[in-house]
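Listing of structure28.cif; format and content: mmCIF, C-alpha atoms.
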```
data_data
loop_
_atom_site.label_atom_id
_atom_site.label_comp_id
_atom_site.auth_asym_id
_atom_site.auth_seq_id
_atom_site.Cartn_x
_atom_site.Cartn_y
_atom_site.Cartn_z
CA MET A 1 39.88 -0.89 -65.30
CA ALA A 2 40.66 -0.73 -61.67
CA VAL A 3 38.20 0.73 -59.22
CA GLN A 4 39.71 2.75 -56.50
CA GLU A 5 38.22 2.52 -53.10
CA ARG A 6 38.25 5.49 -50.89
CA GLU A 7 37.83 5.59 -47.18
CA ILE A 8 35.56 8.34 -46.04
CA ARG A 9 35.86 9.46 -42.49
CA VAL A 10 33.26 11.56 -40.80
CA GLU A 11 34.15 13.04 -37.50
CA ARG A 12 31.32 13.91 -35.23
CA GLY A 13 31.69 16.82 -32.94
CA PRO A 14 29.63 19.55 -31.41
CA THR A 15 26.99 20.87 -33.75
CA ARG A 16 27.45 24.45 -32.58
CA ARG A 17 30.31 26.29 -34.16
CA SER A 18 30.65 29.01 -31.54
CA GLY A 19 31.06 28.82 -27.80
CA PRO A 20 32.57 26.14 -25.61
CA PRO A 21 32.31 22.46 -26.60
CA ILE A 22 29.13 20.67 -25.56
CA ASP A 23 29.45 18.16 -22.72
CA GLU A 24 27.53 15.20 -24.05
CA GLY A 25 27.42 13.46 -20.68
CA PRO A 26 26.94 9.73 -20.35
CA PRO A 27 25.76 7.81 -23.40
CA LEU A 28 22.07 7.24 -23.86
CA GLN A 29 22.47 3.49 -23.40
CA GLU A 30 24.01 4.06 -19.96
CA LEU A 31 21.20 6.43 -19.02
CA PHE A 32 18.57 3.85 -19.94
CA ARG A 33 20.47 1.13 -18.07
CA ASN A 34 20.64 3.33 -14.97
CA LEU A 35 16.96 4.17 -15.32
CA SER A 36 16.09 0.49 -15.61
CA GLU A 37 18.18 -0.43 -12.57
CA ASP A 38 16.72 2.41 -10.51
CA ALA A 39 13.17 1.52 -11.52
CA THR A 40 13.73 -2.15 -10.67
CA HIS A 41 15.20 -1.25 -7.30
CA LEU A 42 12.36 1.15 -6.61
CA ILE A 43 9.70 -1.41 -7.52
CA ARG A 44 11.32 -4.00 -5.26
CA GLN A 45 11.33 -1.52 -2.39
CA GLU A 46 7.69 -0.64 -2.98
CA VAL A 47 6.67 -4.30 -3.05
CA ALA A 48 8.59 -4.94 0.18
CA LEU A 49 6.94 -1.94 1.84
CA GLY A 50 3.50 -3.06 0.66
CA LYS A 51 4.08 -6.58 2.00
CA ALA A 52 5.20 -5.22 5.36
CA GLU A 53 2.17 -2.96 5.63
CA LEU A 54 -0.22 -5.75 4.66
CA ARG A 55 1.41 -8.09 7.20
CA GLU A 56 1.04 -5.43 9.88
CA THR A 57 -2.61 -4.81 8.99
CA ALA A 58 -3.43 -8.53 8.81
CA SER A 59 -1.79 -9.11 12.17
CA ALA A 60 -3.84 -6.33 13.78
CA LEU A 61 -7.03 -7.62 12.18
CA GLY A 62 -6.23 -11.14 13.38
CA ARG A 63 -5.80 -9.91 16.94
CA ASP A 64 -9.09 -8.00 16.75
CA ALA A 65 -10.90 -11.02 15.29
CA ALA A 66 -9.50 -13.24 18.04
CA LYS A 67 -10.69 -10.77 20.68
CA ILE A 68 -14.14 -10.71 19.14
CA GLY A 69 -14.23 -14.50 18.96
CA VAL A 70 -13.18 -14.93 22.59
CA ALA A 71 -15.62 -12.25 23.69
CA LEU A 72 -18.47 -13.94 21.84
CA THR A 73 -17.64 -17.39 23.22
CA LEU A 74 -17.33 -16.18 26.79
CA GLY A 75 -20.44 -14.11 26.38
CA TRP A 76 -22.31 -17.13 25.07
CA PHE A 77 -21.35 -19.32 28.04
CA ALA A 78 -22.09 -16.53 30.48
CA ALA A 79 -25.40 -15.89 28.83
CA LEU A 80 -26.40 -19.54 29.09
CA ALA A 81 -25.52 -19.78 32.78
CA ALA A 82 -26.95 -16.38 33.63
CA THR A 83 -30.06 -17.04 31.62
CA THR A 84 -30.78 -20.19 33.54
CA PHE A 85 -30.10 -18.55 36.88
CA LEU A 86 -32.05 -15.38 36.14
CA ILE A 87 -35.06 -17.07 34.62
CA VAL A 88 -35.41 -19.42 37.56
CA GLY A 89 -34.62 -16.72 40.14
CA ILE A 90 -36.90 -14.03 38.72
CA GLY A 91 -39.59 -16.57 37.91
CA ALA A 92 -39.61 -17.71 41.54
CA LEU A 93 -39.88 -14.11 42.76
CA ILE A 94 -42.65 -12.92 40.47
CA GLY A 95 -44.37 -16.22 39.95
CA SER A 96 -44.12 -16.05 36.14
CA TYR A 97 -41.34 -17.81 34.29
CA TRP A 98 -42.27 -16.49 30.85
CA LEU A 99 -42.02 -12.87 32.09
CA SER A 100 -38.68 -13.60 33.75
CA ALA A 101 -37.40 -15.10 30.48
CA LEU A 102 -38.44 -11.91 28.63
CA ILE A 103 -36.64 -9.69 31.13
CA VAL A 104 -33.45 -11.74 30.83
CA ALA A 105 -33.63 -11.68 27.02
CA VAL A 106 -33.84 -7.87 27.01
CA LEU A 107 -30.84 -7.60 29.33
CA PHE A 108 -28.69 -9.88 27.17
CA GLY A 109 -29.78 -8.08 24.01
CA GLY A 110 -28.60 -4.76 25.45
CA ALA A 111 -25.23 -6.21 26.44
CA ALA A 112 -24.79 -7.72 22.97
CA ALA A 113 -25.58 -4.37 21.34
CA VAL A 114 -22.93 -2.61 23.43
CA LEU A 115 -20.26 -5.22 22.57
CA ALA A 116 -21.11 -5.16 18.86
CA SER A 117 -20.95 -1.36 18.82
CA GLN A 118 -17.49 -1.37 20.41
CA ALA A 119 -16.19 -3.99 17.99
CA ARG A 120 -17.53 -2.04 15.01
CA LYS A 121 -15.83 1.15 16.24
CA ASP A 122 -12.52 -0.71 16.62
CA LEU A 123 -12.74 -2.06 13.07
CA GLU A 124 -13.68 1.32 11.61
CA SER A 125 -10.75 3.04 13.36
CA ARG A 126 -8.25 0.78 11.58
CA ASP A 127 -6.66 2.07 8.40
CA LEU A 128 -6.97 -0.96 6.13
CA LYS A 129 -5.21 0.49 3.09
CA PRO A 130 -1.41 0.60 2.82
CA SER A 131 -1.24 4.39 2.97
CA ARG A 132 2.55 4.70 3.15
CA THR A 133 2.92 2.57 0.03
CA ILE A 134 0.29 4.62 -1.80
CA ASP A 135 2.08 7.85 -0.85
CA THR A 136 5.48 6.61 -2.01
CA LEU A 137 3.99 5.28 -5.25
CA ARG A 138 2.59 8.75 -5.94
CA GLU A 139 6.00 10.26 -5.22
CA ASP A 140 7.62 7.72 -7.52
CA ALA A 141 5.17 8.50 -10.31
CA ASP A 142 5.92 12.21 -9.94
CA TRP A 143 9.65 11.50 -9.99
CA ALA A 144 9.34 9.33 -13.11
CA GLN A 145 7.33 12.04 -14.84
CA ARG A 146 9.94 14.68 -13.99
CA GLU A 147 12.73 12.41 -15.24
CA ALA A 148 10.88 11.70 -18.50
CA GLU A 149 10.35 15.42 -19.07
CA GLU A 150 14.03 16.08 -18.41
CA VAL A 151 15.07 13.39 -20.90
CA LYS A 152 12.71 14.89 -23.50
CA ARG A 153 14.19 18.35 -22.94
CA GLU A 154 17.73 17.00 -23.27
CA TRP A 155 16.87 15.19 -26.49
CA LYS A 156 15.38 18.31 -28.02
CA THR A 157 18.54 20.32 -27.44
#
```

Take the structure in the file and write it out as structure tokens.
Amino acid sequence: MAVQEREIRVERGPTRRSGPPIDEGPPLQELFRNLSEDATHLIRQEVALGKAELRETASALGRDAAKIGVALTLGWFAALAATTFLIVGIGALIGSYWLSALIVAVLFGGAAAVLASQARKDLESRDLKPSRTIDTLREDADWAQREAEEVKREWKT
């Protein structure tokens, strides 16, 4: 007995019977490939932006730290020379070297407090977080969410 083989062909077309034909658009595989390429490109851009912002912040902090270091060193040398001069000079005038040393110590303490206050204000005024990168990451997350919702809506129809 011979078995006959039949070829069954199923043609796929629009599921709706009435109205114009449905435009299926690009295949799903192409959509995912495009999404993957776009996401990769976007991540690379975000990383580059983050690196640039961190370099900019580190450079500014380095300059501020160098200024503070130079100011402290110069202040230290000046304090040593001035301390010697003032203690001897005031001590000779008032006849008491311990009192002249106390007066000089108070003066240098006040100057140090002013310099430290200014340095602290400079450091606090700096924006240490990469705010542009954070903003664009939020925008990217919103975009990705909108795209995912659109894909879900298209799949349901």

List as a PDB file with C-alpha atoms, in the frame of the given file the protein and nucleic acid residues near Gly91 (chain A), meaning an atom at most 12 Å away when all atoms listed in the file are counted, but skip any in the same chain fewer than 5 places from it.
```pdb
ATOM      1  CA  THR A  83     -30.060 -17.040  31.620  1.00  0.00           C
ATOM      2  CA  THR A  84     -30.780 -20.190  33.540  1.00  0.00           C
ATOM      3  CA  PHE A  85     -30.100 -18.550  36.880  1.00  0.00           C
ATOM      4  CA  LEU A  86     -32.050 -15.380  36.140  1.00  0.00           C
ATOM      5  CA  SER A  96     -44.120 -16.050  36.140  1.00  0.00           C
ATOM      6  CA  TYR A  97     -41.340 -17.810  34.290  1.00  0.00           C
ATOM      7  CA  TRP A  98     -42.270 -16.490  30.850  1.00  0.00           C
ATOM      8  CA  LEU A  99     -42.020 -12.870  32.090  1.00  0.00           C
ATOM      9  CA  SER A 100     -38.680 -13.600  33.750  1.00  0.00           C
ATOM     10  CA  ALA A 101     -37.400 -15.100  30.480  1.00  0.00           C
ATOM     11  CA  LEU A 102     -38.440 -11.910  28.630  1.00  0.00           C
ATOM     12  CA  ILE A 103     -36.640  -9.690  31.130  1.00  0.00           C
ATOM     13  CA  VAL A 104     -33.450 -11.740  30.830  1.00  0.00           C
TER      14      VAL A 104
END
```

Work out how far CA of Leu115 (chain A) is from CA of Ile68 (chain A), in Å to one decimal.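 CA of Leu115 (chain A) lies 8.9 Å from CA of Ile68 (chain A).
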
Could you state the separation of CA of Leu49 (chain A) and CA of Leu31 (chain A) in Å, given to one decimal place?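 Between CA of Leu49 (chain A) and CA of Leu31 (chain A) the gap works out to 26.6 Å.
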
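Across A:Ser36, A:Ala148, A:Glu30, A:Gly50, the tightest approach to Asp135 (chain A) is made by A:Gly50 when counting only C-alpha atoms.
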
Which is closer to Lys129 (chain A) than all the others in A:Lys51, A:Arg146, A:Lys156, A:Lys67, using all atoms listed in the file? A:Lys51

Which polymer residues have any atom within 12 Å of an atom of Glu53 (chain A), counting all atoms listed in the file, with same-chain residues fewer than 4 positions away left out, as a PDB file with C-alpha atoms, in the coordinates of the input?
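Dumped to selection_19.pdb:
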```pdb
ATOM      1  CA  GLU A  46       7.690  -0.640  -2.980  1.00  0.00           C
ATOM      2  CA  VAL A  47       6.670  -4.300  -3.050  1.00  0.00           C
ATOM      3  CA  ALA A  48       8.590  -4.940   0.180  1.00  0.00           C
ATOM      4  CA  LEU A  49       6.940  -1.940   1.840  1.00  0.00           C
ATOM      5  CA  THR A  57      -2.610  -4.810   8.990  1.00  0.00           C
ATOM      6  CA  ALA A  58      -3.430  -8.530   8.810  1.00  0.00           C
ATOM      7  CA  SER A  59      -1.790  -9.110  12.170  1.00  0.00           C
ATOM      8  CA  ALA A  60      -3.840  -6.330  13.780  1.00  0.00           C
ATOM      9  CA  ASP A 127      -6.660   2.070   8.400  1.00  0.00           C
ATOM     10  CA  LEU A 128      -6.970  -0.960   6.130  1.00  0.00           C
ATOM     11  CA  LYS A 129      -5.210   0.490   3.090  1.00  0.00           C
ATOM     12  CA  PRO A 130      -1.410   0.600   2.820  1.00  0.00           C
ATOM     13  CA  SER A 131      -1.240   4.390   2.970  1.00  0.00           C
ATOM     14  CA  ARG A 132       2.550   4.700   3.150  1.00  0.00           C
ATOM     15  CA  THR A 133       2.920   2.570   0.030  1.00  0.00           C
ATOM     16  CA  ILE A 134       0.290   4.620  -1.800  1.00  0.00           C
TER      17      ILE A 134
END
```

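Note that the spacing between CA of Ala111 (chain A) and CA of Arg63 (chain A) amounts to 21.9 Å.
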
Nearest-residue call for Ala81 (chain A), choices A:Phe108, A:Glu139, A:Ala52, A:Arg44, using only C-alpha atoms: A:Phe108

Pick from A:Leu137, A:Leu61, A:Val88, A:Ala66: nearest to Ala39 (chain A), with all atoms listed in the file counted?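 Result for the nearest residue to Ala39 (chain A): A:Leu137.
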
Minimum-distance residue to Gly75 (chain A), chosen among A:Glu150, A:Leu35, A:Ala116, A:His41 (using all atoms listed in the file):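 Of A:Glu150, A:Leu35, A:Ala116, A:His41, the one nearest Gly75 (chain A) is A:Ala116, counting all atoms listed in the file.
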